[in-house]
Amino acid sequence: MTSSPHQPDLITPATTIPHDASAPPIFQSSSFLFDSYSQIADVFAGRSDRFIYSRGDNPTVSELEGLIARMEGTKAARGFSSGMAAICGAVMPFVKSGDRIVAVEHLYSDAFRLFENVLSRFGVETVYVDGSDTQAMIEALPGARLVYLESPTSWTFRLQDLRAIGAAARQHGVMSVIDNSWATPIFQKPADLGIDLMVHAASKYLSGHSDTLGGLVAGSRDLIRKIDHEATHLFGGRMSPMDAFLILRGMRTLDLRMQRHMETGLALARMLEAHSSVTRIHHPALLANRPEGLRGFGGLFAFDLADGVDPERFCNALRRIRIGVSWGGPESLIVPGAAACGLAGAANSFRRFGVSPRCIRLAAGLEPAEELMADLTHALDSATAVAA
Ligand SMILES: Cc1ncc(COP(=O)(O)O)c(C=O)c1O
């Protein structure tokens with residue numbers, strides 16, 4: 001499970017950079033100027049594609065959009081101010097009152113809240129299906145407007161057969177959207193398997209340094225044009241030039257970081273699997289049958305603590321691994337499921353989809369794996385010894 005570490009298009013910017021600088025400039029400008037009436041008239045009329053205003057387009061953001069489109073194998077992409085803004089941008093322009101969305105169970109809790117609490121108020125119904133049951137997914141598609149996938153899903157890390165679901169979606173005229181933040185295009189290119197739109201929480205692996213919020217949507221020119229008309233300009237949640245610059249910088253090392261996140265995540269998952277205080281590991285590598293298309297693994301996974309282990313003591317005993325939401329940065333983080341249930345969306349989705357509150361989500365960072373293993377062993381042993 002390796003990909004080539006040599007990815008020139010990640011390292012070399014697509015556009016020529018003034019002064020032969022090796023890094024792209026940040027065009028920290030809200031608007032762009034015109035020399036004449038006819039120049040601005042041409043832009044408004046679509047006869048010229050100069051930049052106008054950064055809520056529409058900005059050169060630094062465009063550089064990143066071009067990069068993610070090339071990596072995902074699509075013709076176009078758009079940047080948003082967060083992953084959630086990108087999810088809104090990928091879904092909302094395509095649904096209207098009376099439509100039905102088919103979503104995978106165990107999806108990211110705020111995407112679940114968007115479907116449950118917001119879209120439902122506009123007459124859009126969402127049905128949730130076990131994404132690993134390909135037949136059930138395909139049977140749910142006729143008559144739906146959009147299928148929303150996360151492969152793997154949040155907290156349970158279940159995979160979907162993207163090729164089979166993508167083909168069935170096209171056959172029934174259903175648009176397909178996937179959150180590809182976990183695998184990144186380094187490990188999974190859903191467009192090659194027939195998925196229409198790829199969404200990224202660029203706040204995670206793409207930026208990779210826990211210093212940025214951003215989101216991206218990649219897809220065909222037609223779909224991105226519709227998103228432009230309805231979401232990027234009108235919702236206004238556009239990516240900022242500074243965030244685009246930071247994400248571009250992070251992506252220059254994406255391939256190397258993904259290899260390391262994968263190796264460390266696998267080492268920790270195998271160690272936890274062998275530990276008597278852990279009853280179950282939720283990691284796609286441990287599934288017997290993996291659908292095609294996934295060439296590697298993100299470093300985010302989850303595990304269930306055995307009954308005798310106190311989750312609070314376990315979390316508090318960790319020294320190297322910190323408690324914190326998000327993932328994809330250099331630091332290893334855990335989120336205890338029972339505490340996450342305090343978040344309204346998470347609590348509802350945990351209950352609805354039967355995720356154990358004894359579940360712990362672990363994001364393997366870039367630290368030495370041995371240090372993280374020692375930390376986990378110590379915390380498990382101390383939490384188990386006290387509870388016994
Ligand atoms: C799988 C997944 N998708 C989307 C998001 C949303 O990204 P953002 O926090 O940038 O809005 C998250 C955030 O944690 C996530 O875990």
# chains A, B, ... in the order shown; residues from 1 in each chain; ligands from 1
>>> select_by_dssp(residues="region 84-322 of chain A", states="strand (DSSP E or B)", output="ChimeraX atom specification")
/A:100-104,125-129,146-150,175-179,197-201,215-219,238,278-282,300-305,322
>>> closest_atom_pairs(of="chain A", to="ligand 1", cutoff="7 Å", atoms="only C-alpha atoms and all ligand atoms", output="tab-separated table")
residue	atom	partner	partner_atom_place_in_ligand_line	distance
A:Ser82	CA	ligand 1	10 (O)	3.9
A:Gly83	CA	ligand 1	7 (O)	3.4
A:Met84	CA	ligand 1	11 (O)	3.8
A:Ala85	CA	ligand 1	11 (O)	6.4
A:Tyr108	CA	ligand 1	1 (C)	5.2
A:Ser154	CA	ligand 1	1 (C)	6.0
A:Asp179	CA	ligand 1	3 (N)	6.1
A:Ser181	CA	ligand 1	1 (C)	6.0
A:Trp182	CA	ligand 1	1 (C)	6.7
A:His200	CA	ligand 1	4 (C)	6.8
A:Ala201	CA	ligand 1	7 (O)	4.3
A:Ala202	CA	ligand 1	10 (O)	6.3
A:Ser203	CA	ligand 1	10 (O)	4.8
A:Leu213	CA	ligand 1	10 (O)	5.2
A:Gly214	CA	ligand 1	10 (O)	5.4
A:Gly215	CA	ligand 1	10 (O)	5.9
A:Ser326	CA	ligand 1	14 (O)	5.0
>>> write_last_selection(atoms="N, CA, C and O atoms", output="JSON list (two decimals), in the first residue's frame")
[["chain", "number", "residue", "atom", "x", "y", "z"],
["A", 82, "SER", "N", -14.23, 26.57, 5.00],
["A", 82, "SER", "CA", -14.10, 25.42, 5.91],
["A", 82, "SER", "C", -14.62, 24.19, 5.18],
["A", 82, "SER", "O", -15.26, 24.31, 4.12],
["A", 83, "GLY", "N", -14.39, 23.04, 5.77],
["A", 83, "GLY", "CA", -14.94, 21.81, 5.20],
["A", 83, "GLY", "C", -16.45, 21.84, 5.18],
["A", 83, "GLY", "O", -17.09, 21.40, 4.21],
["A", 84, "MET", "N", -17.06, 22.38, 6.24],
["A", 84, "MET", "CA", -18.53, 22.44, 6.29],
["A", 84, "MET", "C", -19.07, 23.37, 5.21],
["A", 84, "MET", "O", -20.11, 23.09, 4.60],
["A", 85, "ALA", "N", -18.36, 24.48, 4.96],
["A", 85, "ALA", "CA", -18.81, 25.38, 3.88],
["A", 85, "ALA", "C", -18.74, 24.65, 2.55],
["A", 85, "ALA", "O", -19.60, 24.82, 1.68],
["A", 108, "TYR", "N", -20.08, 12.32, 9.20],
["A", 108, "TYR", "CA", -19.56, 13.37, 10.07],
["A", 108, "TYR", "C", -20.73, 14.10, 10.74],
["A", 108, "TYR", "O", -21.71, 14.46, 10.09],
["A", 154, "SER", "N", -17.17, 8.38, 9.52],
["A", 154, "SER", "CA", -16.60, 8.93, 10.76],
["A", 154, "SER", "C", -16.88, 7.96, 11.93],
["A", 154, "SER", "O", -17.95, 7.37, 11.99],
["A", 179, "ASP", "N", -17.14, 12.76, 0.77],
["A", 179, "ASP", "CA", -16.17, 13.47, 1.62],
["A", 179, "ASP", "C", -14.88, 12.64, 1.56],
["A", 179, "ASP", "O", -14.82, 11.54, 2.10],
["A", 181, "SER", "N", -11.85, 13.56, 2.67],
["A", 181, "SER", "CA", -10.84, 14.20, 3.52],
["A", 181, "SER", "C", -9.88, 13.18, 4.13],
["A", 181, "SER", "O", -8.70, 13.47, 4.33],
["A", 182, "TRP", "N", -10.36, 12.00, 4.48],
["A", 182, "TRP", "CA", -9.55, 11.01, 5.21],
["A", 182, "TRP", "C", -8.50, 10.38, 4.31],
["A", 182, "TRP", "O", -7.34, 10.25, 4.68],
["A", 200, "HIS", "N", -13.51, 18.18, 0.40],
["A", 200, "HIS", "CA", -12.39, 18.05, 1.35],
["A", 200, "HIS", "C", -12.53, 19.02, 2.49],
["A", 200, "HIS", "O", -12.79, 20.21, 2.26],
["A", 201, "ALA", "N", -12.37, 18.52, 3.70],
["A", 201, "ALA", "CA", -12.07, 19.41, 4.82],
["A", 201, "ALA", "C", -10.57, 19.62, 4.72],
["A", 201, "ALA", "O", -9.77, 18.82, 5.21],
["A", 202, "ALA", "N", -10.16, 20.69, 4.02],
["A", 202, "ALA", "CA", -8.73, 20.96, 3.83],
["A", 202, "ALA", "C", -8.06, 21.34, 5.14],
["A", 202, "ALA", "O", -6.83, 21.36, 5.24],
["A", 203, "SER", "N", -8.88, 21.61, 6.16],
["A", 203, "SER", "CA", -8.38, 21.86, 7.52],
["A", 203, "SER", "C", -7.60, 20.65, 8.04],
["A", 203, "SER", "O", -6.85, 20.79, 9.01],
["A", 213, "LEU", "N", -8.20, 26.69, 8.47],
["A", 213, "LEU", "CA", -9.50, 26.11, 8.15],
["A", 213, "LEU", "C", -9.73, 26.31, 6.66],
["A", 213, "LEU", "O", -9.45, 27.39, 6.13],
["A", 214, "GLY", "N", -10.24, 25.30, 6.01],
["A", 214, "GLY", "CA", -10.54, 25.45, 4.58],
["A", 214, "GLY", "C", -11.29, 24.25, 4.06],
["A", 214, "GLY", "O", -11.30, 23.18, 4.69],
["A", 215, "GLY", "N", -11.96, 24.44, 2.94],
["A", 215, "GLY", "CA", -12.68, 23.33, 2.31],
["A", 215, "GLY", "C", -12.55, 23.42, 0.81],
["A", 215, "GLY", "O", -12.31, 24.51, 0.26],
["A", 326, "SER", "N", -10.58, 17.61, 15.81],
["A", 326, "SER", "CA", -9.87, 17.74, 14.54],
["A", 326, "SER", "C", -8.82, 16.64, 14.42],
["A", 326, "SER", "O", -8.65, 15.78, 15.31]]
>>> closest_residue(among="A:Ala164, A:Thr156, A:Ser48, A:Ala191", to="Leu286 (chain A)", atoms="only C-alpha atoms")
A:Thr156
>>> atom_distance(atom1="CA of Ala363 (chain A)", atom2="CA of Phe112 (chain A)")
21.1 Å
>>> residues_around(residues="region 25-30 of chain A", least_positions_apart="5", cutoff="6 Å", atoms="only C-alpha atoms", output="PyMOL selection string")
chain A and resi 53-54+60+241
>>> write_last_selection(atoms="N, CA, C and O atoms", output="PDB file, in the first residue's frame")
ATOM      1  N   TYR A  53     -13.127  40.168  -7.914  1.00  0.00           N
ATOM      2  CA  TYR A  53     -13.390  40.367  -6.492  1.00  0.00           C
ATOM      3  C   TYR A  53     -13.184  39.009  -5.815  1.00  0.00           C
ATOM      4  O   TYR A  53     -13.627  37.976  -6.340  1.00  0.00           O
ATOM      5  N   SER A  54     -12.502  38.971  -4.675  1.00  0.00           N
ATOM      6  CA  SER A  54     -12.052  37.686  -4.123  1.00  0.00           C
ATOM      7  C   SER A  54     -13.165  36.823  -3.527  1.00  0.00           C
ATOM      8  O   SER A  54     -12.933  35.663  -3.216  1.00  0.00           O
ATOM      9  N   THR A  60      -4.456  33.275  -5.663  1.00  0.00           N
ATOM     10  CA  THR A  60      -3.850  32.275  -4.768  1.00  0.00           C
ATOM     11  C   THR A  60      -4.816  31.105  -4.561  1.00  0.00           C
ATOM     12  O   THR A  60      -4.425  29.936  -4.552  1.00  0.00           O
ATOM     13  N   PRO A 241      -7.194  34.095   0.725  1.00  0.00           N
ATOM     14  CA  PRO A 241      -5.891  33.882   0.076  1.00  0.00           C
ATOM     15  C   PRO A 241      -4.848  33.325   1.046  1.00  0.00           C
ATOM     16  O   PRO A 241      -4.052  32.457   0.679  1.00  0.00           O
TER      17      PRO A 241
END
>>> atom_distance(atom1="CA of Arg145 (chain A)", atom2="CA of Gly293 (chain A)")
24.6 Å
>>> atom_distance(atom1="CA of Val217 (chain A)", atom2="CA of Ala69 (chain A)")
8.7 Å
>>> residues_around(residues="region 265-269 of chain A", least_positions_apart="5", cutoff="7 Å", atoms="only C-alpha atoms", output="PyMOL selection string")
chain A and resi 281+299-300+364+373
>>> select_by_dssp(residues="region 109-162 of chain A", states="helix (DSSP H, G or I)", output="ChimeraX atom specification")
/A:109-122,134-140,162
>>> write_last_selection(atoms="N, CA and C atoms", output="CSV table (one decimal), in the first residue's frame")
chain,number,residue,atom,x,y,z
A,109,SER,N,-20.6,14.3,12.1
A,109,SER,CA,-21.8,14.7,12.8
A,109,SER,C,-22.4,16.1,12.4
A,110,ASP,N,-21.6,17.0,11.9
A,110,ASP,CA,-22.1,18.3,11.5
A,110,ASP,C,-22.8,18.2,10.1
A,111,ALA,N,-22.3,17.2,9.2
A,111,ALA,CA,-23.0,17.0,8.0
A,111,ALA,C,-24.4,16.4,8.3
A,112,PHE,N,-24.4,15.5,9.3
A,112,PHE,CA,-25.7,14.9,9.8
A,112,PHE,C,-26.6,16.0,10.3
A,113,ARG,N,-26.1,16.9,11.0
A,113,ARG,CA,-26.9,18.0,11.5
A,113,ARG,C,-27.4,18.9,10.4
A,114,LEU,N,-26.6,19.1,9.4
A,114,LEU,CA,-27.0,19.9,8.2
A,114,LEU,C,-28.2,19.3,7.6
A,115,PHE,N,-28.1,17.9,7.4
A,115,PHE,CA,-29.2,17.2,6.7
A,115,PHE,C,-30.5,17.2,7.6
A,116,GLU,N,-30.2,16.9,8.9
A,116,GLU,CA,-31.3,16.7,9.8
A,116,GLU,C,-32.0,17.9,10.2
A,117,ASN,N,-31.2,19.0,10.5
A,117,ASN,CA,-31.8,20.2,11.2
A,117,ASN,C,-32.1,21.3,10.2
A,118,VAL,N,-31.3,21.3,9.1
A,118,VAL,CA,-31.5,22.5,8.2
A,118,VAL,C,-32.2,22.1,6.9
A,119,LEU,N,-31.6,21.1,6.2
A,119,LEU,CA,-32.3,20.8,4.9
A,119,LEU,C,-33.7,20.3,5.1
A,120,SER,N,-33.9,19.6,6.2
A,120,SER,CA,-35.3,19.1,6.5
A,120,SER,C,-36.3,20.2,6.5
A,121,ARG,N,-35.8,21.4,7.0
A,121,ARG,CA,-36.8,22.5,7.1
A,121,ARG,C,-37.1,23.1,5.7
A,122,PHE,N,-36.3,22.7,4.7
A,122,PHE,CA,-36.6,23.2,3.4
A,122,PHE,C,-37.2,22.1,2.5
A,134,THR,N,-23.7,-2.7,0.0
A,134,THR,CA,-23.8,-2.1,-1.3
A,134,THR,C,-25.2,-2.3,-1.9
A,135,GLN,N,-25.7,-3.5,-1.7
A,135,GLN,CA,-27.1,-3.7,-2.3
A,135,GLN,C,-28.1,-2.8,-1.7
A,136,ALA,N,-28.0,-2.6,-0.4
A,136,ALA,CA,-29.0,-1.7,0.3
A,136,ALA,C,-28.8,-0.2,-0.2
A,137,MET,N,-27.6,0.2,-0.5
A,137,MET,CA,-27.3,1.5,-1.0
A,137,MET,C,-27.9,1.6,-2.4
A,138,ILE,N,-27.7,0.6,-3.2
A,138,ILE,CA,-28.2,0.7,-4.6
A,138,ILE,C,-29.7,0.7,-4.6
A,139,GLU,N,-30.3,-0.1,-3.7
A,139,GLU,CA,-31.8,-0.2,-3.7
A,139,GLU,C,-32.4,1.2,-3.2
A,140,ALA,N,-31.6,1.9,-2.5
A,140,ALA,CA,-32.2,3.2,-2.0
A,140,ALA,C,-32.1,4.3,-3.0
A,162,LEU,N,-17.3,2.3,-4.0
A,162,LEU,CA,-17.6,3.5,-4.8
A,162,LEU,C,-17.9,3.2,-6.2
>>> closest_residue(among="A:Asp228, A:Glu125, A:Asp42, A:Asp130", to="Arg352 (chain A)", atoms="only C-alpha atoms")
A:Asp130
>>> residues_around(residues="His233 (chain A)", least_positions_apart="3", cutoff="7 Å", atoms="only C-alpha atoms", output="list in words")
Arg55, Gly56, Asp228, His229, Glu230 and Gly236 of chain A
>>> residues_around(residues="Trp155 (chain A)", least_positions_apart="2", cutoff="12 Å", atoms="only C-alpha atoms", output="PyMOL selection string")
chain A and resi 105-109+150-153+157-159+182+281-284+300-304+334-337+340+346+349-350+353-363
>>> decode(residues="region 97-143 of chain A", atoms="N, CA and C atoms", output="PDB file, in the first residue's frame")
ATOM      1  N   SER A  97     -36.948  21.457  -2.486  1.00  0.00           N
ATOM      2  CA  SER A  97     -38.042  20.899  -1.691  1.00  0.00           C
ATOM      3  C   SER A  97     -38.635  19.670  -2.379  1.00  0.00           C
ATOM      4  N   GLY A  98     -38.845  18.614  -1.609  1.00  0.00           N
ATOM      5  CA  GLY A  98     -39.411  17.379  -2.158  1.00  0.00           C
ATOM      6  C   GLY A  98     -38.352  16.360  -2.546  1.00  0.00           C
ATOM      7  N   ASP A  99     -37.070  16.780  -2.554  1.00  0.00           N
ATOM      8  CA  ASP A  99     -36.001  15.851  -2.926  1.00  0.00           C
ATOM      9  C   ASP A  99     -35.629  14.942  -1.760  1.00  0.00           C
ATOM     10  N   ARG A 100     -34.995  13.844  -2.126  1.00  0.00           N
ATOM     11  CA  ARG A 100     -34.491  12.901  -1.110  1.00  0.00           C
ATOM     12  C   ARG A 100     -32.995  12.714  -1.306  1.00  0.00           C
ATOM     13  N   ILE A 101     -32.264  12.765  -0.179  1.00  0.00           N
ATOM     14  CA  ILE A 101     -30.831  12.467  -0.168  1.00  0.00           C
ATOM     15  C   ILE A 101     -30.659  11.087   0.444  1.00  0.00           C
ATOM     16  N   VAL A 102     -29.782  10.277  -0.133  1.00  0.00           N
ATOM     17  CA  VAL A 102     -29.387   9.019   0.500  1.00  0.00           C
ATOM     18  C   VAL A 102     -27.991   9.261   1.071  1.00  0.00           C
ATOM     19  N   ALA A 103     -27.861   9.123   2.393  1.00  0.00           N
ATOM     20  CA  ALA A 103     -26.553   9.365   3.024  1.00  0.00           C
ATOM     21  C   ALA A 103     -26.110   8.102   3.746  1.00  0.00           C
ATOM     22  N   VAL A 104     -24.790   7.957   3.873  1.00  0.00           N
ATOM     23  CA  VAL A 104     -24.297   6.810   4.644  1.00  0.00           C
ATOM     24  C   VAL A 104     -24.552   7.050   6.125  1.00  0.00           C
ATOM     25  N   GLU A 105     -24.827   5.962   6.855  1.00  0.00           N
ATOM     26  CA  GLU A 105     -24.876   6.048   8.313  1.00  0.00           C
ATOM     27  C   GLU A 105     -23.483   6.408   8.817  1.00  0.00           C
ATOM     28  N   HIS A 106     -23.400   6.941  10.030  1.00  0.00           N
ATOM     29  CA  HIS A 106     -22.117   7.258  10.676  1.00  0.00           C
ATOM     30  C   HIS A 106     -21.363   8.354   9.927  1.00  0.00           C
ATOM     31  N   LEU A 107     -22.089   9.281   9.306  1.00  0.00           N
ATOM     32  CA  LEU A 107     -21.392  10.368   8.618  1.00  0.00           C
ATOM     33  C   LEU A 107     -20.952  11.423   9.640  1.00  0.00           C
ATOM     34  N   TYR A 108     -20.083  12.316   9.201  1.00  0.00           N
ATOM     35  CA  TYR A 108     -19.564  13.372  10.074  1.00  0.00           C
ATOM     36  C   TYR A 108     -20.733  14.097  10.743  1.00  0.00           C
ATOM     37  N   SER A 109     -20.628  14.324  12.055  1.00  0.00           N
ATOM     38  CA  SER A 109     -21.796  14.749  12.828  1.00  0.00           C
ATOM     39  C   SER A 109     -22.374  16.095  12.362  1.00  0.00           C
ATOM     40  N   ASP A 110     -21.550  17.018  11.890  1.00  0.00           N
ATOM     41  CA  ASP A 110     -22.112  18.294  11.453  1.00  0.00           C
ATOM     42  C   ASP A 110     -22.763  18.180  10.075  1.00  0.00           C
ATOM     43  N   ALA A 111     -22.303  17.243   9.245  1.00  0.00           N
ATOM     44  CA  ALA A 111     -23.005  16.985   7.980  1.00  0.00           C
ATOM     45  C   ALA A 111     -24.376  16.386   8.313  1.00  0.00           C
ATOM     46  N   PHE A 112     -24.393  15.483   9.300  1.00  0.00           N
ATOM     47  CA  PHE A 112     -25.655  14.898   9.766  1.00  0.00           C
ATOM     48  C   PHE A 112     -26.604  15.995  10.256  1.00  0.00           C
ATOM     49  N   ARG A 113     -26.051  16.947  11.025  1.00  0.00           N
ATOM     50  CA  ARG A 113     -26.896  18.046  11.532  1.00  0.00           C
ATOM     51  C   ARG A 113     -27.409  18.927  10.408  1.00  0.00           C
ATOM     52  N   LEU A 114     -26.580  19.138   9.385  1.00  0.00           N
ATOM     53  CA  LEU A 114     -27.024  19.936   8.227  1.00  0.00           C
ATOM     54  C   LEU A 114     -28.237  19.255   7.582  1.00  0.00           C
ATOM     55  N   PHE A 115     -28.135  17.936   7.382  1.00  0.00           N
ATOM     56  CA  PHE A 115     -29.235  17.227   6.725  1.00  0.00           C
ATOM     57  C   PHE A 115     -30.471  17.187   7.630  1.00  0.00           C
ATOM     58  N   GLU A 116     -30.226  16.865   8.921  1.00  0.00           N
ATOM     59  CA  GLU A 116     -31.348  16.657   9.840  1.00  0.00           C
ATOM     60  C   GLU A 116     -32.044  17.941  10.249  1.00  0.00           C
ATOM     61  N   ASN A 117     -31.246  18.970  10.549  1.00  0.00           N
ATOM     62  CA  ASN A 117     -31.816  20.169  11.183  1.00  0.00           C
ATOM     63  C   ASN A 117     -32.075  21.307  10.204  1.00  0.00           C
ATOM     64  N   VAL A 118     -31.336  21.342   9.106  1.00  0.00           N
ATOM     65  CA  VAL A 118     -31.471  22.490   8.204  1.00  0.00           C
ATOM     66  C   VAL A 118     -32.198  22.091   6.922  1.00  0.00           C
ATOM     67  N   LEU A 119     -31.638  21.124   6.194  1.00  0.00           N
ATOM     68  CA  LEU A 119     -32.258  20.774   4.905  1.00  0.00           C
ATOM     69  C   LEU A 119     -33.678  20.253   5.101  1.00  0.00           C
ATOM     70  N   SER A 120     -33.923  19.584   6.215  1.00  0.00           N
ATOM     71  CA  SER A 120     -35.276  19.058   6.478  1.00  0.00           C
ATOM     72  C   SER A 120     -36.292  20.207   6.536  1.00  0.00           C
ATOM     73  N   ARG A 121     -35.845  21.380   7.017  1.00  0.00           N
ATOM     74  CA  ARG A 121     -36.758  22.536   7.104  1.00  0.00           C
ATOM     75  C   ARG A 121     -37.113  23.082   5.727  1.00  0.00           C
ATOM     76  N   PHE A 122     -36.290  22.749   4.723  1.00  0.00           N
ATOM     77  CA  PHE A 122     -36.576  23.194   3.358  1.00  0.00           C
ATOM     78  C   PHE A 122     -37.208  22.075   2.531  1.00  0.00           C
ATOM     79  N   GLY A 123     -37.710  21.061   3.227  1.00  0.00           N
ATOM     80  CA  GLY A 123     -38.440  19.989   2.540  1.00  0.00           C
ATOM     81  C   GLY A 123     -37.552  18.954   1.877  1.00  0.00           C
ATOM     82  N   VAL A 124     -36.271  18.889   2.297  1.00  0.00           N
ATOM     83  CA  VAL A 124     -35.375  17.855   1.741  1.00  0.00           C
ATOM     84  C   VAL A 124     -35.236  16.756   2.806  1.00  0.00           C
ATOM     85  N   GLU A 125     -35.608  15.553   2.411  1.00  0.00           N
ATOM     86  CA  GLU A 125     -35.573  14.429   3.358  1.00  0.00           C
ATOM     87  C   GLU A 125     -34.272  13.652   3.154  1.00  0.00           C
ATOM     88  N   THR A 126     -33.680  13.171   4.252  1.00  0.00           N
ATOM     89  CA  THR A 126     -32.478  12.328   4.118  1.00  0.00           C
ATOM     90  C   THR A 126     -32.756  10.959   4.714  1.00  0.00           C
ATOM     91  N   VAL A 127     -32.424   9.913   3.967  1.00  0.00           N
ATOM     92  CA  VAL A 127     -32.488   8.552   4.516  1.00  0.00           C
ATOM     93  C   VAL A 127     -31.056   8.064   4.687  1.00  0.00           C
ATOM     94  N   TYR A 128     -30.804   7.320   5.745  1.00  0.00           N
ATOM     95  CA  TYR A 128     -29.458   6.866   6.065  1.00  0.00           C
ATOM     96  C   TYR A 128     -29.370   5.356   5.864  1.00  0.00           C
ATOM     97  N   VAL A 129     -28.325   4.943   5.174  1.00  0.00           N
ATOM     98  CA  VAL A 129     -28.181   3.525   4.823  1.00  0.00           C
ATOM     99  C   VAL A 129     -26.776   3.082   5.228  1.00  0.00           C
ATOM    100  N   ASP A 130     -26.654   1.836   5.671  1.00  0.00           N
ATOM    101  CA  ASP A 130     -25.342   1.271   5.978  1.00  0.00           C
ATOM    102  C   ASP A 130     -24.538   1.214   4.665  1.00  0.00           C
ATOM    103  N   GLY A 131     -23.540   2.085   4.555  1.00  0.00           N
ATOM    104  CA  GLY A 131     -22.803   2.215   3.298  1.00  0.00           C
ATOM    105  C   GLY A 131     -22.036   0.974   2.917  1.00  0.00           C
ATOM    106  N   SER A 132     -21.720   0.115   3.904  1.00  0.00           N
ATOM    107  CA  SER A 132     -20.968  -1.094   3.573  1.00  0.00           C
ATOM    108  C   SER A 132     -21.884  -2.160   2.958  1.00  0.00           C
ATOM    109  N   ASP A 133     -23.207  -1.942   3.014  1.00  0.00           N
ATOM    110  CA  ASP A 133     -24.169  -2.848   2.385  1.00  0.00           C
ATOM    111  C   ASP A 133     -24.485  -2.283   0.983  1.00  0.00           C
ATOM    112  N   THR A 134     -23.677  -2.690   0.006  1.00  0.00           N
ATOM    113  CA  THR A 134     -23.773  -2.088  -1.333  1.00  0.00           C
ATOM    114  C   THR A 134     -25.163  -2.271  -1.924  1.00  0.00           C
ATOM    115  N   GLN A 135     -25.738  -3.461  -1.720  1.00  0.00           N
ATOM    116  CA  GLN A 135     -27.062  -3.729  -2.278  1.00  0.00           C
ATOM    117  C   GLN A 135     -28.092  -2.765  -1.690  1.00  0.00           C
ATOM    118  N   ALA A 136     -28.019  -2.566  -0.369  1.00  0.00           N
ATOM    119  CA  ALA A 136     -28.983  -1.658   0.291  1.00  0.00           C
ATOM    120  C   ALA A 136     -28.807  -0.233  -0.228  1.00  0.00           C
ATOM    121  N   MET A 137     -27.556   0.156  -0.450  1.00  0.00           N
ATOM    122  CA  MET A 137     -27.307   1.505  -0.985  1.00  0.00           C
ATOM    123  C   MET A 137     -27.937   1.623  -2.370  1.00  0.00           C
ATOM    124  N   ILE A 138     -27.695   0.633  -3.217  1.00  0.00           N
ATOM    125  CA  ILE A 138     -28.189   0.707  -4.601  1.00  0.00           C
ATOM    126  C   ILE A 138     -29.713   0.702  -4.623  1.00  0.00           C
ATOM    127  N   GLU A 139     -30.312  -0.106  -3.737  1.00  0.00           N
ATOM    128  CA  GLU A 139     -31.786  -0.164  -3.705  1.00  0.00           C
ATOM    129  C   GLU A 139     -32.397   1.156  -3.244  1.00  0.00           C
ATOM    130  N   ALA A 140     -31.641   1.929  -2.463  1.00  0.00           N
ATOM    131  CA  ALA A 140     -32.185   3.207  -1.956  1.00  0.00           C
ATOM    132  C   ALA A 140     -32.103   4.324  -3.003  1.00  0.00           C
ATOM    133  N   LEU A 141     -31.351   4.097  -4.096  1.00  0.00           N
ATOM    134  CA  LEU A 141     -31.075   5.202  -5.023  1.00  0.00           C
ATOM    135  C   LEU A 141     -32.234   5.642  -5.935  1.00  0.00           C
ATOM    136  N   PRO A 142     -33.038   4.711  -6.488  1.00  0.00           N
ATOM    137  CA  PRO A 142     -34.061   5.188  -7.434  1.00  0.00           C
ATOM    138  C   PRO A 142     -34.950   6.273  -6.826  1.00  0.00           C
ATOM    139  N   GLY A 143     -35.087   7.377  -7.534  1.00  0.00           N
ATOM    140  CA  GLY A 143     -35.947   8.477  -7.066  1.00  0.00           C
ATOM    141  C   GLY A 143     -35.214   9.480  -6.193  1.00  0.00           C
TER     142      GLY A 143
END
